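Asker: What follows is the file entry.txt, containing compact mmCIF, C-alpha atoms:
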```
# COMPACT_ATOMS: atom_id res chain seq x y z
CA MET G 236 -6.38 -10.12 6.03
CA ASN G 237 -6.85 -13.68 7.32
CA LYS G 238 -10.60 -14.14 7.80
CA GLN G 239 -9.95 -16.50 10.68
CA TYR G 240 -8.98 -13.58 12.90
CA SER G 241 -11.49 -12.50 15.53
CA LYS G 242 -13.69 -9.43 15.15
CA GLU G 243 -11.61 -7.60 17.74
CA THR G 244 -8.44 -8.05 15.69
CA ILE G 245 -10.23 -7.12 12.45
CA CYS G 246 -11.45 -3.88 14.05
CA VAL G 247 -7.90 -2.87 14.89
CA GLN G 248 -5.82 -4.18 12.01
CA SER G 249 -7.90 -4.98 8.92
CA GLY G 250 -8.24 -2.87 5.78
CA TRP G 251 -4.83 -1.19 5.70
CA ASN G 252 -1.78 -3.43 5.43
CA PRO G 253 1.29 -1.20 5.08
CA LYS G 254 4.36 -2.47 3.29
CA ASN G 255 7.93 -1.89 4.36
CA GLY G 256 8.47 1.79 5.14
CA GLU G 257 4.83 2.80 4.59
CA PRO G 258 2.73 4.65 7.22
CA ARG G 259 1.51 2.42 10.05
CA VAL G 260 -1.72 4.43 10.28
CA LEU G 261 -4.07 4.56 7.28
CA PRO G 262 -3.28 7.83 5.43
CA ILE G 263 -5.85 10.32 4.22
CA TYR G 264 -5.56 10.34 0.44
CA GLN G 265 -6.82 13.91 0.20
CA SER G 266 -6.76 14.17 -3.56
CA THR G 267 -9.56 14.43 -6.08
CA THR G 268 -7.53 12.84 -8.85
CA PHE G 269 -4.68 10.41 -9.55
CA LYS G 270 -1.86 10.52 -12.13
CA TYR G 271 -1.11 8.00 -14.89
CA GLU G 272 1.69 7.80 -17.43
CA THR G 273 -0.30 7.00 -20.58
CA SER G 274 -3.72 7.71 -22.02
CA GLU G 275 -4.27 3.97 -22.51
CA GLN G 276 -3.91 3.31 -18.79
CA MET G 277 -6.59 5.87 -18.03
CA ALA G 278 -8.86 4.52 -20.77
CA LYS G 279 -8.73 1.01 -19.30
CA LEU G 280 -9.76 2.37 -15.90
CA PHE G 281 -12.74 4.17 -17.41
CA ASP G 282 -13.77 1.00 -19.23
CA LEU G 283 -13.51 -1.04 -16.00
CA GLU G 284 -10.92 -3.27 -17.65
CA GLU G 285 -8.37 -2.63 -14.89
CA ASN G 286 -8.52 -1.72 -11.21
CA GLY G 287 -7.14 1.58 -10.03
CA TYR G 288 -7.90 5.10 -8.93
CA PHE G 289 -8.55 8.08 -11.15
CA TYR G 290 -11.20 10.23 -9.45
CA THR G 291 -12.28 10.19 -5.81
CA ARG G 292 -15.99 10.41 -6.63
CA LEU G 293 -15.70 6.81 -7.77
CA GLN G 294 -12.98 5.37 -5.55
CA ASN G 295 -10.33 6.50 -3.11
CA PRO G 296 -7.65 4.42 -1.33
CA THR G 297 -8.65 5.66 2.14
CA ASN G 298 -12.30 4.85 1.53
CA ASP G 299 -11.53 1.46 0.04
CA ALA G 300 -9.40 0.44 3.03
CA VAL G 301 -12.20 1.31 5.45
CA ALA G 302 -14.83 -0.38 3.29
CA ALA G 303 -12.65 -3.50 3.24
CA LYS G 304 -12.51 -3.51 7.05
CA ILE G 305 -16.31 -3.26 7.37
CA THR G 306 -16.72 -5.93 4.68
CA GLU G 307 -14.47 -8.29 6.61
CA LEU G 308 -16.32 -7.57 9.87
CA GLU G 309 -19.60 -8.50 8.19
CA GLY G 310 -18.17 -11.53 6.38
CA GLY G 311 -19.02 -10.15 2.93
CA VAL G 312 -17.21 -10.16 -0.41
CA ALA G 313 -17.36 -6.48 -1.39
CA GLY G 314 -18.33 -3.15 0.11
CA MET G 315 -18.46 0.57 -0.49
CA LEU G 316 -18.77 3.74 1.57
CA THR G 317 -21.39 6.41 0.98
CA SER G 318 -21.79 9.97 2.19
CA SER G 319 -24.50 9.03 4.73
CA GLY G 320 -26.69 6.20 5.94
CA GLN G 321 -29.53 7.66 3.91
CA ALA G 322 -27.40 7.44 0.76
CA ALA G 323 -26.63 3.80 1.60
CA SER G 324 -30.35 3.01 1.94
CA PHE G 325 -31.11 4.72 -1.36
CA TYR G 326 -28.25 3.15 -3.32
CA ALA G 327 -28.96 -0.34 -1.94
CA ILE G 328 -32.50 -0.26 -3.35
CA PHE G 329 -31.93 1.88 -6.45
CA ASN G 330 -29.10 -0.40 -7.58
CA ILE G 331 -31.66 -3.08 -8.45
CA CYS G 332 -34.92 -1.09 -8.73
CA GLY G 333 -36.02 1.34 -11.44
CA ALA G 334 -39.18 3.07 -12.58
CA GLY G 335 -42.03 0.56 -12.61
CA ASP G 336 -40.47 -1.69 -9.99
CA HIS G 337 -41.66 -2.50 -6.48
CA PHE G 338 -40.10 -3.61 -3.21
CA VAL G 339 -41.34 -4.63 0.22
CA SER G 340 -40.16 -3.15 3.50
CA ALA G 341 -40.83 -3.67 7.16
CA SER G 342 -42.81 -0.71 8.47
CA THR G 343 -40.82 -0.40 11.70
CA ILE G 344 -37.86 1.46 10.22
CA TYR G 345 -36.15 4.81 10.79
CA GLY G 346 -38.45 7.72 9.92
CA GLY G 347 -36.05 9.17 7.36
CA THR G 348 -35.85 5.83 5.56
CA TYR G 349 -39.65 5.48 5.68
CA ASN G 350 -40.01 8.89 4.03
CA LEU G 351 -37.31 8.04 1.45
CA PHE G 352 -39.14 4.87 0.48
CA ALA G 353 -42.74 6.11 0.67
CA VAL G 354 -42.38 9.60 -0.79
CA THR G 355 -39.12 10.29 -2.60
CA MET G 356 -38.66 6.93 -4.34
CA LYS G 357 -42.30 7.01 -5.38
CA LYS G 358 -41.45 10.14 -7.37
CA LEU G 359 -38.89 8.02 -9.22
CA GLY G 360 -41.56 5.49 -10.13
CA ILE G 361 -40.54 2.91 -7.52
CA GLU G 362 -43.31 1.68 -5.23
CA VAL G 363 -43.01 0.19 -1.77
CA THR G 364 -45.40 -1.88 0.33
CA PHE G 365 -44.87 -1.78 4.09
CA VAL G 366 -45.51 -4.91 6.14
CA ASN G 367 -45.65 -5.81 9.81
CA GLN G 368 -42.36 -7.62 10.40
CA ASP G 369 -43.92 -9.69 13.18
CA ALA G 370 -46.56 -11.11 10.83
CA GLY G 371 -46.34 -14.67 9.59
CA GLU G 372 -44.58 -15.65 6.38
CA GLU G 373 -47.86 -16.07 4.47
CA GLU G 374 -49.05 -12.61 5.46
CA ILE G 375 -45.75 -10.96 4.47
CA ALA G 376 -45.75 -12.89 1.18
CA LYS G 377 -49.07 -11.27 0.21
CA ALA G 378 -47.23 -7.98 -0.31
CA PHE G 379 -45.09 -9.41 -3.13
CA ARG G 380 -45.85 -8.73 -6.78
CA PRO G 381 -44.36 -9.98 -10.06
CA ASN G 382 -42.26 -6.78 -10.22
CA THR G 383 -40.99 -6.96 -6.61
CA LYS G 384 -37.19 -6.70 -6.52
CA ALA G 385 -36.17 -6.69 -2.83
CA LEU G 386 -37.21 -7.11 0.80
CA PHE G 387 -35.87 -4.57 3.32
CA ALA G 388 -35.78 -4.40 7.13
CA GLU G 389 -33.72 -3.19 10.09
CA ILE G 390 -32.13 -5.78 12.40
CA ILE G 391 -33.03 -3.56 15.38
CA ALA G 392 -35.57 -0.95 14.36
CA ASN G 393 -34.90 2.72 15.05
CA PRO G 394 -36.58 3.80 17.27
CA GLY G 395 -39.14 1.04 17.83
CA LEU G 396 -36.39 -1.44 18.83
CA SER G 397 -38.22 -4.44 17.37
CA VAL G 398 -35.83 -7.31 16.63
CA LEU G 399 -36.02 -8.81 13.16
CA ASP G 400 -36.53 -12.53 12.64
CA ILE G 401 -33.81 -12.64 9.99
CA GLU G 402 -34.31 -16.26 8.95
CA LYS G 403 -38.05 -15.72 8.45
CA PHE G 404 -37.48 -12.65 6.28
CA ALA G 405 -34.70 -14.37 4.33
CA GLY G 406 -36.99 -17.32 3.66
CA VAL G 407 -39.76 -15.09 2.32
CA ALA G 408 -37.36 -13.07 0.16
CA HIS G 409 -35.62 -16.08 -1.35
CA SER G 410 -38.86 -17.93 -2.01
CA HIS G 411 -39.80 -14.95 -4.21
CA GLY G 412 -36.41 -14.74 -5.92
CA VAL G 413 -35.30 -11.44 -4.38
CA PRO G 414 -32.49 -10.45 -1.99
CA LEU G 415 -32.97 -9.54 1.66
CA ILE G 416 -31.41 -6.14 2.38
CA VAL G 417 -30.99 -5.30 6.07
CA ASP G 418 -29.82 -2.31 8.07
CA ASN G 419 -27.41 -3.50 10.75
CA THR G 420 -26.60 -0.07 12.20
CA PHE G 421 -27.70 -0.65 15.79
CA PRO G 422 -26.23 -4.13 16.48
CA THR G 423 -23.13 -3.60 14.29
CA PRO G 424 -21.26 -6.74 13.18
CA ILE G 425 -19.91 -6.99 16.73
CA ASN G 426 -23.31 -8.20 17.96
CA CYS G 427 -24.86 -9.59 14.76
CA ARG G 428 -23.64 -10.76 11.37
CA PRO G 429 -26.84 -10.98 9.27
CA PHE G 430 -25.19 -12.90 6.41
CA GLU G 431 -24.89 -15.88 8.73
CA TRP G 432 -28.70 -15.91 9.04
CA GLY G 433 -29.55 -15.55 5.33
CA ALA G 434 -29.42 -11.82 4.62
CA ASP G 435 -27.87 -10.89 1.26
CA ILE G 436 -26.93 -7.22 1.55
CA VAL G 437 -26.17 -5.19 4.68
CA ILE G 438 -26.20 -1.43 5.02
CA HIS G 439 -25.00 0.84 7.82
CA SER G 440 -25.26 4.38 8.93
CA THR G 441 -21.60 4.53 9.93
CA THR G 442 -22.44 7.85 11.59
CA LYS G 443 -23.64 5.87 14.59
CA TYR G 444 -21.68 3.23 16.54
CA MET G 445 -19.04 2.68 13.88
CA ASP G 446 -17.83 6.27 14.01
CA GLY G 447 -18.86 6.35 17.65
CA HIS G 448 -17.94 9.94 18.44
CA ALA G 449 -20.44 12.06 16.45
CA THR G 450 -17.66 13.40 14.24
CA ALA G 451 -18.38 12.12 10.71
CA VAL G 452 -21.56 11.39 8.77
CA GLY G 453 -21.32 8.32 6.54
CA GLY G 454 -22.81 5.08 5.30
CA ALA G 455 -21.75 1.69 3.97
CA ILE G 456 -23.15 -1.09 1.76
CA ILE G 457 -21.80 -4.64 2.02
CA ASP G 458 -22.65 -7.54 -0.31
CA SER G 459 -22.52 -11.13 0.92
CA GLY G 460 -21.93 -12.41 -2.60
CA ASN G 461 -24.50 -15.14 -1.92
CA PHE G 462 -27.44 -13.97 -4.03
CA ASP G 463 -27.42 -15.48 -7.53
CA TRP G 464 -28.50 -12.60 -9.76
CA GLU G 465 -28.10 -14.67 -12.93
CA ARG G 466 -30.66 -17.15 -11.67
CA TYR G 467 -33.23 -14.39 -12.30
CA PRO G 468 -31.83 -12.66 -15.41
CA ASP G 469 -35.17 -11.11 -16.42
CA LYS G 470 -35.69 -9.62 -12.95
CA PHE G 471 -32.33 -7.89 -12.44
CA LEU G 472 -31.63 -6.55 -15.90
CA GLY G 473 -29.25 -3.86 -14.65
CA LEU G 474 -26.86 -6.56 -13.48
CA THR G 475 -27.44 -9.32 -16.04
CA THR G 476 -27.70 -7.37 -19.31
CA PRO G 477 -25.17 -5.08 -21.04
CA ASP G 478 -24.65 -1.58 -19.63
CA GLU G 479 -24.39 0.70 -22.66
CA SER G 480 -22.71 3.40 -20.58
CA TYR G 481 -19.76 0.99 -20.28
CA HIS G 482 -19.60 -0.26 -23.88
CA GLY G 483 -21.97 -3.15 -23.28
CA LEU G 484 -20.27 -4.59 -20.22
CA THR G 485 -22.41 -7.04 -18.19
CA TYR G 486 -21.69 -6.81 -14.45
CA THR G 487 -22.47 -10.39 -13.47
CA LYS G 488 -20.33 -11.79 -16.27
CA SER G 489 -17.40 -9.42 -15.73
CA PHE G 490 -17.33 -9.23 -11.94
CA GLY G 491 -19.05 -12.35 -10.59
CA LYS G 492 -19.72 -12.01 -6.88
CA GLY G 493 -18.57 -8.39 -7.02
CA ALA G 494 -21.23 -7.43 -9.56
CA TYR G 495 -23.64 -5.65 -7.20
CA ILE G 496 -21.04 -3.39 -5.52
CA THR G 497 -19.21 -2.75 -8.80
CA LYS G 498 -22.44 -1.53 -10.40
CA ALA G 499 -23.29 0.62 -7.38
CA THR G 500 -19.83 2.19 -7.54
CA ALA G 501 -19.29 2.48 -11.28
CA GLN G 502 -22.82 3.52 -12.19
CA LEU G 503 -24.66 5.04 -9.20
CA MET G 504 -21.68 6.76 -7.59
CA ARG G 505 -20.55 7.96 -11.01
CA ASP G 506 -23.93 9.56 -11.72
CA LEU G 507 -25.18 10.56 -8.25
CA GLY G 508 -21.90 11.18 -6.43
CA ALA G 509 -22.80 10.58 -2.77
CA ILE G 510 -19.23 9.66 -1.89
CA GLN G 511 -17.86 9.70 1.65
CA SER G 512 -14.97 12.15 1.98
CA PRO G 513 -11.52 10.64 2.66
CA GLN G 514 -11.34 12.76 5.83
CA ASN G 515 -14.57 11.23 7.13
CA ALA G 516 -13.43 7.75 6.15
CA PHE G 517 -10.24 8.31 8.15
CA LEU G 518 -12.27 9.36 11.21
CA LEU G 519 -14.56 6.36 10.71
CA ASN G 520 -11.55 4.06 10.73
CA VAL G 521 -10.36 5.53 14.03
CA GLY G 522 -13.80 4.77 15.46
CA LEU G 523 -13.80 1.23 14.11
CA GLU G 524 -10.59 0.45 15.96
CA THR G 525 -12.46 0.61 19.30
CA LEU G 526 -15.88 -0.56 18.10
CA HIS G 527 -15.62 -3.92 19.88
CA LEU G 528 -14.82 -2.21 23.18
CA ARG G 529 -17.46 0.50 22.96
CA VAL G 530 -20.35 -1.71 21.86
CA GLN G 531 -19.83 -3.96 24.87
CA ARG G 532 -19.87 -0.97 27.24
CA HIS G 533 -22.92 0.54 25.54
CA CYS G 534 -24.82 -2.71 26.03
CA GLU G 535 -23.74 -3.14 29.65
CA ASN G 536 -24.81 0.42 30.50
CA ALA G 537 -28.09 0.17 28.61
CA GLN G 538 -28.97 -3.07 30.39
CA LYS G 539 -28.44 -1.46 33.81
CA MET G 540 -30.37 1.66 32.79
CA ALA G 541 -33.25 -0.43 31.45
CA GLU G 542 -33.45 -2.39 34.70
CA TYR G 543 -33.48 0.87 36.68
CA LEU G 544 -36.25 2.42 34.57
CA GLN G 545 -38.29 -0.77 34.66
CA ASP G 546 -38.46 -0.50 38.45
CA ASP G 547 -39.35 3.23 38.56
CA GLU G 548 -43.06 3.77 39.23
CA ARG G 549 -43.09 6.90 37.01
CA VAL G 550 -42.23 4.82 33.92
CA ALA G 551 -45.29 3.58 32.03
CA TRP G 552 -43.49 1.16 29.72
CA ILE G 553 -40.02 0.30 28.42
CA ASN G 554 -38.59 -1.44 25.35
CA TYR G 555 -35.22 -3.13 25.55
CA SER G 556 -34.67 -6.64 24.29
CA GLY G 557 -32.18 -7.36 27.08
CA LEU G 558 -35.06 -7.40 29.57
CA LYS G 559 -36.66 -10.81 30.05
CA SER G 560 -40.09 -9.15 29.97
CA ASP G 561 -39.49 -7.65 26.51
CA LYS G 562 -41.52 -9.17 23.66
CA TYR G 563 -38.37 -9.48 21.53
CA HIS G 564 -36.21 -11.06 24.23
CA ALA G 565 -36.37 -14.55 22.69
CA LEU G 566 -35.40 -13.28 19.22
CA ALA G 567 -32.60 -11.24 20.76
CA GLN G 568 -31.29 -14.34 22.52
CA LYS G 569 -31.20 -16.10 19.14
CA TYR G 570 -29.71 -13.38 16.94
CA LEU G 571 -28.03 -11.10 19.50
CA PRO G 572 -26.75 -13.35 22.30
CA ASP G 573 -23.89 -10.98 23.18
CA GLY G 574 -26.14 -7.92 23.49
CA SER G 575 -28.29 -5.77 21.24
CA CYS G 576 -27.29 -2.10 21.37
CA GLY G 577 -27.12 0.88 23.70
CA VAL G 578 -30.50 2.32 22.73
CA LEU G 579 -33.69 1.86 24.74
CA THR G 580 -37.11 3.50 24.57
CA PHE G 581 -39.66 4.25 27.26
CA GLY G 582 -42.74 6.30 28.08
CA LEU G 583 -43.65 8.19 31.24
CA LYS G 584 -46.99 8.06 33.05
CA GLY G 585 -47.17 11.86 33.23
CA GLY G 586 -47.62 12.14 29.47
CA ARG G 587 -45.97 14.39 26.92
CA ASP G 588 -45.59 17.47 29.15
CA PHE G 589 -43.97 15.41 31.88
CA ALA G 590 -41.64 13.82 29.34
CA ILE G 591 -40.56 17.24 28.07
CA ARG G 592 -39.91 18.50 31.61
CA PHE G 593 -37.91 15.35 32.30
CA MET G 594 -35.71 15.81 29.23
CA ASP G 595 -35.23 19.52 29.92
CA ASN G 596 -33.99 18.74 33.45
CA LEU G 597 -31.30 16.26 32.38
CA GLN G 598 -27.78 17.53 32.97
CA LEU G 599 -25.38 14.85 31.73
CA VAL G 600 -27.71 13.41 29.12
CA ALA G 601 -28.20 15.82 26.21
CA ILE G 602 -31.13 16.41 23.87
CA VAL G 603 -29.64 15.97 20.40
CA THR G 604 -30.73 14.72 16.97
CA HIS G 605 -28.37 11.82 17.10
CA VAL G 606 -28.00 8.37 18.54
CA ALA G 607 -25.33 5.76 19.22
CA ASP G 608 -22.21 7.69 20.06
CA ALA G 609 -20.04 7.74 23.18
CA ARG G 610 -22.17 10.42 24.87
CA SER G 611 -25.61 9.69 26.29
CA CYS G 612 -28.52 11.51 24.66
CA VAL G 613 -32.31 11.54 24.46
CA LEU G 614 -34.85 12.45 21.82
CA HIS G 615 -38.64 12.58 21.45
CA PRO G 616 -39.08 11.15 17.93
CA ALA G 617 -42.72 12.22 17.49
CA SER G 618 -41.60 15.84 17.98
CA HIS G 619 -38.22 15.57 16.27
CA THR G 620 -36.94 12.86 13.88
CA HIS G 621 -40.38 11.48 12.97
CA ARG G 622 -42.43 14.68 13.07
CA GLN G 623 -43.18 14.40 9.32
CA LEU G 624 -45.24 11.25 9.96
CA SER G 625 -48.93 11.15 10.79
CA GLU G 626 -50.04 9.49 14.04
CA GLU G 627 -51.10 6.44 12.05
CA GLN G 628 -47.70 6.29 10.36
CA LEU G 629 -45.98 6.76 13.71
CA LEU G 630 -47.77 3.76 15.18
CA SER G 631 -47.08 1.72 12.03
CA ALA G 632 -43.38 2.56 12.43
CA GLY G 633 -43.47 1.39 16.03
CA VAL G 634 -43.27 4.91 17.47
CA GLN G 635 -45.71 5.68 20.26
CA PRO G 636 -46.49 9.41 20.63
CA ASP G 637 -44.99 9.39 24.16
CA LEU G 638 -41.86 7.44 23.18
CA ILE G 639 -38.53 8.76 24.49
CA ARG G 640 -35.46 7.37 22.74
CA PHE G 641 -32.54 7.06 25.14
CA SER G 642 -29.12 6.36 23.66
CA VAL G 643 -27.02 5.22 26.60
CA GLY G 644 -23.37 6.17 26.23
CA ILE G 645 -20.17 4.81 27.69
CA GLU G 646 -19.96 7.11 30.73
CA ASN G 647 -20.11 5.71 34.27
CA VAL G 648 -23.58 4.19 34.44
CA ASN G 649 -24.11 5.25 38.06
CA ASP G 650 -23.65 8.88 37.04
CA LEU G 651 -26.19 8.40 34.25
CA ILE G 652 -28.73 6.77 36.55
CA ALA G 653 -28.28 9.61 39.06
CA ASP G 654 -28.93 12.14 36.31
CA VAL G 655 -32.11 10.36 35.22
CA LYS G 656 -33.28 10.12 38.84
CA GLN G 657 -32.86 13.83 39.58
CA ALA G 658 -34.51 14.79 36.27
CA LEU G 659 -37.54 12.64 37.05
CA GLU G 660 -37.81 14.12 40.54
CA ARG G 661 -37.54 17.72 39.30
CA ALA G 662 -40.11 17.08 36.55
CA GLU G 663 -42.81 16.05 39.01
```
Go through the file and emit its structure as structure tokens.

Answerer:
Amino acid sequence: MNKQYSKETICVQSGWNPKNGEPRVLPIYQSTTFKYETSEQMAKLFDLEENGYFYTRLQNPTNDAVAAKITELEGGVAGMLTSSGQAASFYAIFNICGAGDHFVSASTIYGGTYNLFAVTMKKLGIEVTFVNQDAGEEEIAKAFRPNTKALFAEIIANPGLSVLDIEKFAGVAHSHGVPLIVDNTFPTPINCRPFEWGADIVIHSTTKYMDGHATAVGGAIIDSGNFDWERYPDKFLGLTTPDESYHGLTYTKSFGKGAYITKATAQLMRDLGAIQSPQNAFLLNVGLETLHLRVQRHCENAQKMAEYLQDDERVAWINYSGLKSDKYHALAQKYLPDGSCGVLTFGLKGGRDFAIRFMDNLQLVAIVTHVADARSCVLHPASHTHRQLSEEQLLSAGVQPDLIRFSVGIENVNDLIADVKQALERAE
């Protein structure tokens, strides 16, 4: 599709371009396998000598159409879907890191990702060093080692809501010859396109705003095509040296700017298999068609809710970068001028017991282990999503013990404010 089209048009029309007489709506290619006339045709597909479909674990037309839409939204060159956001985080790092390697990550990231990096990947022989993303470049640079392969961060941290200084992180990463990998789940490409600020690879939990309706778990990885892997051939051997599992093929030489995603698809997806189902990809595409409309409403509602909570005497503190008093307001104005996301966090003066009574008394707003869909919901991360972390790890991840995460939906905001008001009154 013409890349000069606006994001709104890309949301609705990109990815699937039907020919004469073909379905107007992207079909679900609900098939595990695909037919060919000759053995030679199939052999060329397995050797990556030709493009095509032969087994859905590797590629599927429905998935590829949706990945192409997200890639165009982000302004990248290649993308792939995964079975979940967690799979996207894992593949993005594991595609360039192996046993004996190291990477650096901001500490204020989603608890599941923190655990993936600190515990599970350590078992694979890959070490991580967590850094304070608000620290200066020199301080962050101290975490790098000769075997460091990547720098990772979230554009808006979940649930701490810190806003990343993308240019600062990109500068540190590139000065050490590694790519900057960022999670853009909360802003989505509607509110931020990290490649324009120096990021190299973007990941998403498409389960959140992109799907938008809590119907389908999924993830995505998008490559900008801007990082020059061959400039550091001894650092990224998996991309710049022959892959014996494909008869000595070298990804950077055979696929150029598509090397990173091709390797992640042909090697990691082949061996680990965390593919998104075509049915889920279809549902994701339906969500993407209204992403530009929903994100705007989420942000408008969250801004009004944040202003209401800020003025309530029972609220001890609130984080939302749309508020002028927020410590990340200036960064948000730079990187997220059209709005950040629909998620805010706050604490109540009555402490944990008061917070629990408040959440239990909500009627419209539900307590669920989810965030960023059309329906408003709340969560207490220290008790739920981040309960595996120690108090020290919680604070390092930007999660205060009394933090309530409020994902403001697209309902009428006056109804939501009324629900919060009555819940606070009943909790007293």

Asker: May I ask which of the residues G:Val413, G:Val452, G:Ala609, G:Ala370 is the closest one to G:Thr383, counting only C-alpha atoms?

Answerer: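 Nearest candidate to G:Thr383 out of G:Val413, G:Val452, G:Ala609, G:Ala370: G:Val413.
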
Asker: Quote the spacing between atom CA of G:Gly447 and atom CA of G:Tyr345 in Å to one decimal place.

Answerer: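 Pair atom CA of G:Gly447 / atom CA of G:Tyr345 returns 18.7 Å.
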
Asker: Residues near G:Gly582, anyone? I mean within 6 Å using all atoms listed in the file, not counting same-chain ones fewer than 3 positions away, as a PyMOL selection string.

Answerer: chain G and resi 551-552+637-638

Asker: Just to be explicit: take each residue in the selection above, keep C-alpha atoms, and write the result as a PDB file, in the coordinates of the input.

Answerer:
```pdb
ATOM      1  CA  ALA G 551     -45.290   3.580  32.030  1.00  0.00           C
ATOM      2  CA  TRP G 552     -43.490   1.160  29.720  1.00  0.00           C
ATOM      3  CA  ASP G 637     -44.990   9.390  24.160  1.00  0.00           C
ATOM      4  CA  LEU G 638     -41.860   7.440  23.180  1.00  0.00           C
TER       5      LEU G 638
END
```

Asker: Let me make sure I understand: among G:Gly314, G:Gly320, G:Gly395, G:Gly585, which one has the smallest atom-to-atom distance to G:Lys498 if we use only C-alpha atoms?

Answerer: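 Comparing G:Gly314, G:Gly320, G:Gly395, G:Gly585 against G:Lys498, the winner is G:Gly314.
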
Asker: Between G:Asn393, G:Asn350, G:Asn515, G:Thr580, which one has atoms that come closest to G:Ser625, using all atoms listed in the file?

Answerer: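 Under the stated criterion, the closest residue is G:Asn350.
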
Asker: For G:Gly454, please output as a PyMOL selection string all residues within 8 Å (counting only C-alpha atoms; exclusion window: fewer than 2 positions along the same chain).

Answerer: chain G and resi 316-323+438-442+452+456+511

Asker: Could you list, as a list in words, every residue within 8 Å of G:Ser340, counting only C-alpha atoms and ignoring same-chain residues fewer than 6 positions away?

Answerer: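 Residues near the query, excluding close chain neighbours: Val363, Thr364, Phe365, Val366, Leu386, Phe387 and Ala388 of chain G.
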
Asker: Can you list, as an MDAnalysis selection string, every protein, DNA or RNA residue that comes within 12 Å of G:Ile425 when you count only C-alpha atoms, leaving out same-chain residues fewer than 4 positions away?

Answerer: chainID G and resid 241:246 305 307:310 419:421 429 444:445 523:531 533:534 570:576

Asker: Of the residues G:Val578, G:Ile652, G:Ala565, G:Ala392, which is the one nearest to G:Thr348, using all atoms listed in the file?

Answerer: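 Looking only at the distances to G:Thr348, the closest residue turns out to be G:Ala392.
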
Asker: Find the distance between atom CA of G:Lys470 and atom CA of G:Ile344 and write it in Å to one decimal.

Answerer: 25.8 Å

Asker: In Å, rounded to a single decimal, give me how far atom CA of G:Lys358 is from atom CA of G:Ile375.

Answerer: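 Spanning atom CA of G:Ile375 to atom CA of G:Lys358 is a straight-line distance of 24.6 Å.
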
Asker: Closest to G:Tyr495 among G:Met315, G:Arg532, G:Asp561, G:Pro394, using only C-alpha atoms?

Answerer: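 Counting only C-alpha atoms, the residue closest to G:Tyr495 is G:Met315.
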
Asker: Dump as a list in words all residues having an atom at most 9 Å from (-46.8, 0.4, 11.2), computed in the file's coordinates with only C-alpha atoms.

Answerer: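 Those residues, ordered by chain and then number, are Ala341, Ser342, Thr343, Phe365, Val366, Asn367, Glu627, Gln628, Leu629, Leu630, Ser631, Ala632, Gly633 and Val634 of chain G.
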
Asker: Using all atoms listed in the file, pick whichever of G:Val600, G:Gln538, G:Ile390, G:Leu507 has the shortest atom-to-atom distance to G:Leu651.

Answerer: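 So, comparing all the options, the nearest one is G:Val600.
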
Asker: Write out as a list in words the residues lying within 12 Å of G:Gly412, counting all atoms listed in the file and excluding same-chain residues fewer than 5 positions away.

Answerer: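 Those residues are Ala376, Phe379, Arg380, Pro381, Asn382, Thr383, Lys384, Ala385, Leu386, Ala405, Gly406, Val407, Asp435, Phe462, Asp463, Trp464, Glu465, Arg466, Tyr467, Pro468, Asp469, Lys470 and Phe471 of chain G.
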
Asker: Can you rebuild stretch 267-276 of chain G with N, CA and C atoms and give it as a compact mmCIF listing (two decimals), keeping the file's coordinate frame?

Answerer:
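Output file out02.txt is given in full below:
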```txt
# COMPACT_ATOMS: atom_id res chain seq x y z
N THR G 267 -8.41 14.72 -5.23
CA THR G 267 -9.56 14.43 -6.08
C THR G 267 -9.19 13.51 -7.24
N THR G 268 -7.91 13.53 -7.62
CA THR G 268 -7.53 12.84 -8.85
C THR G 268 -6.19 12.13 -8.68
N PHE G 269 -5.88 11.24 -9.63
CA PHE G 269 -4.68 10.41 -9.55
C PHE G 269 -3.99 10.37 -10.91
N LYS G 270 -2.65 10.38 -10.90
CA LYS G 270 -1.86 10.52 -12.13
C LYS G 270 -1.55 9.17 -12.77
N TYR G 271 -1.55 9.17 -14.12
CA TYR G 271 -1.11 8.00 -14.89
C TYR G 271 -0.16 8.44 -16.00
N GLU G 272 0.65 7.49 -16.46
CA GLU G 272 1.69 7.80 -17.43
C GLU G 272 1.18 7.87 -18.86
N THR G 273 0.16 7.05 -19.18
CA THR G 273 -0.30 7.00 -20.58
C THR G 273 -1.82 7.15 -20.64
N SER G 274 -2.29 7.58 -21.77
CA SER G 274 -3.72 7.71 -22.02
C SER G 274 -4.41 6.34 -21.98
N GLU G 275 -3.69 5.32 -22.48
CA GLU G 275 -4.27 3.97 -22.51
C GLU G 275 -4.56 3.45 -21.12
N GLN G 276 -3.67 3.74 -20.17
CA GLN G 276 -3.91 3.31 -18.79
C GLN G 276 -5.20 3.91 -18.25
```
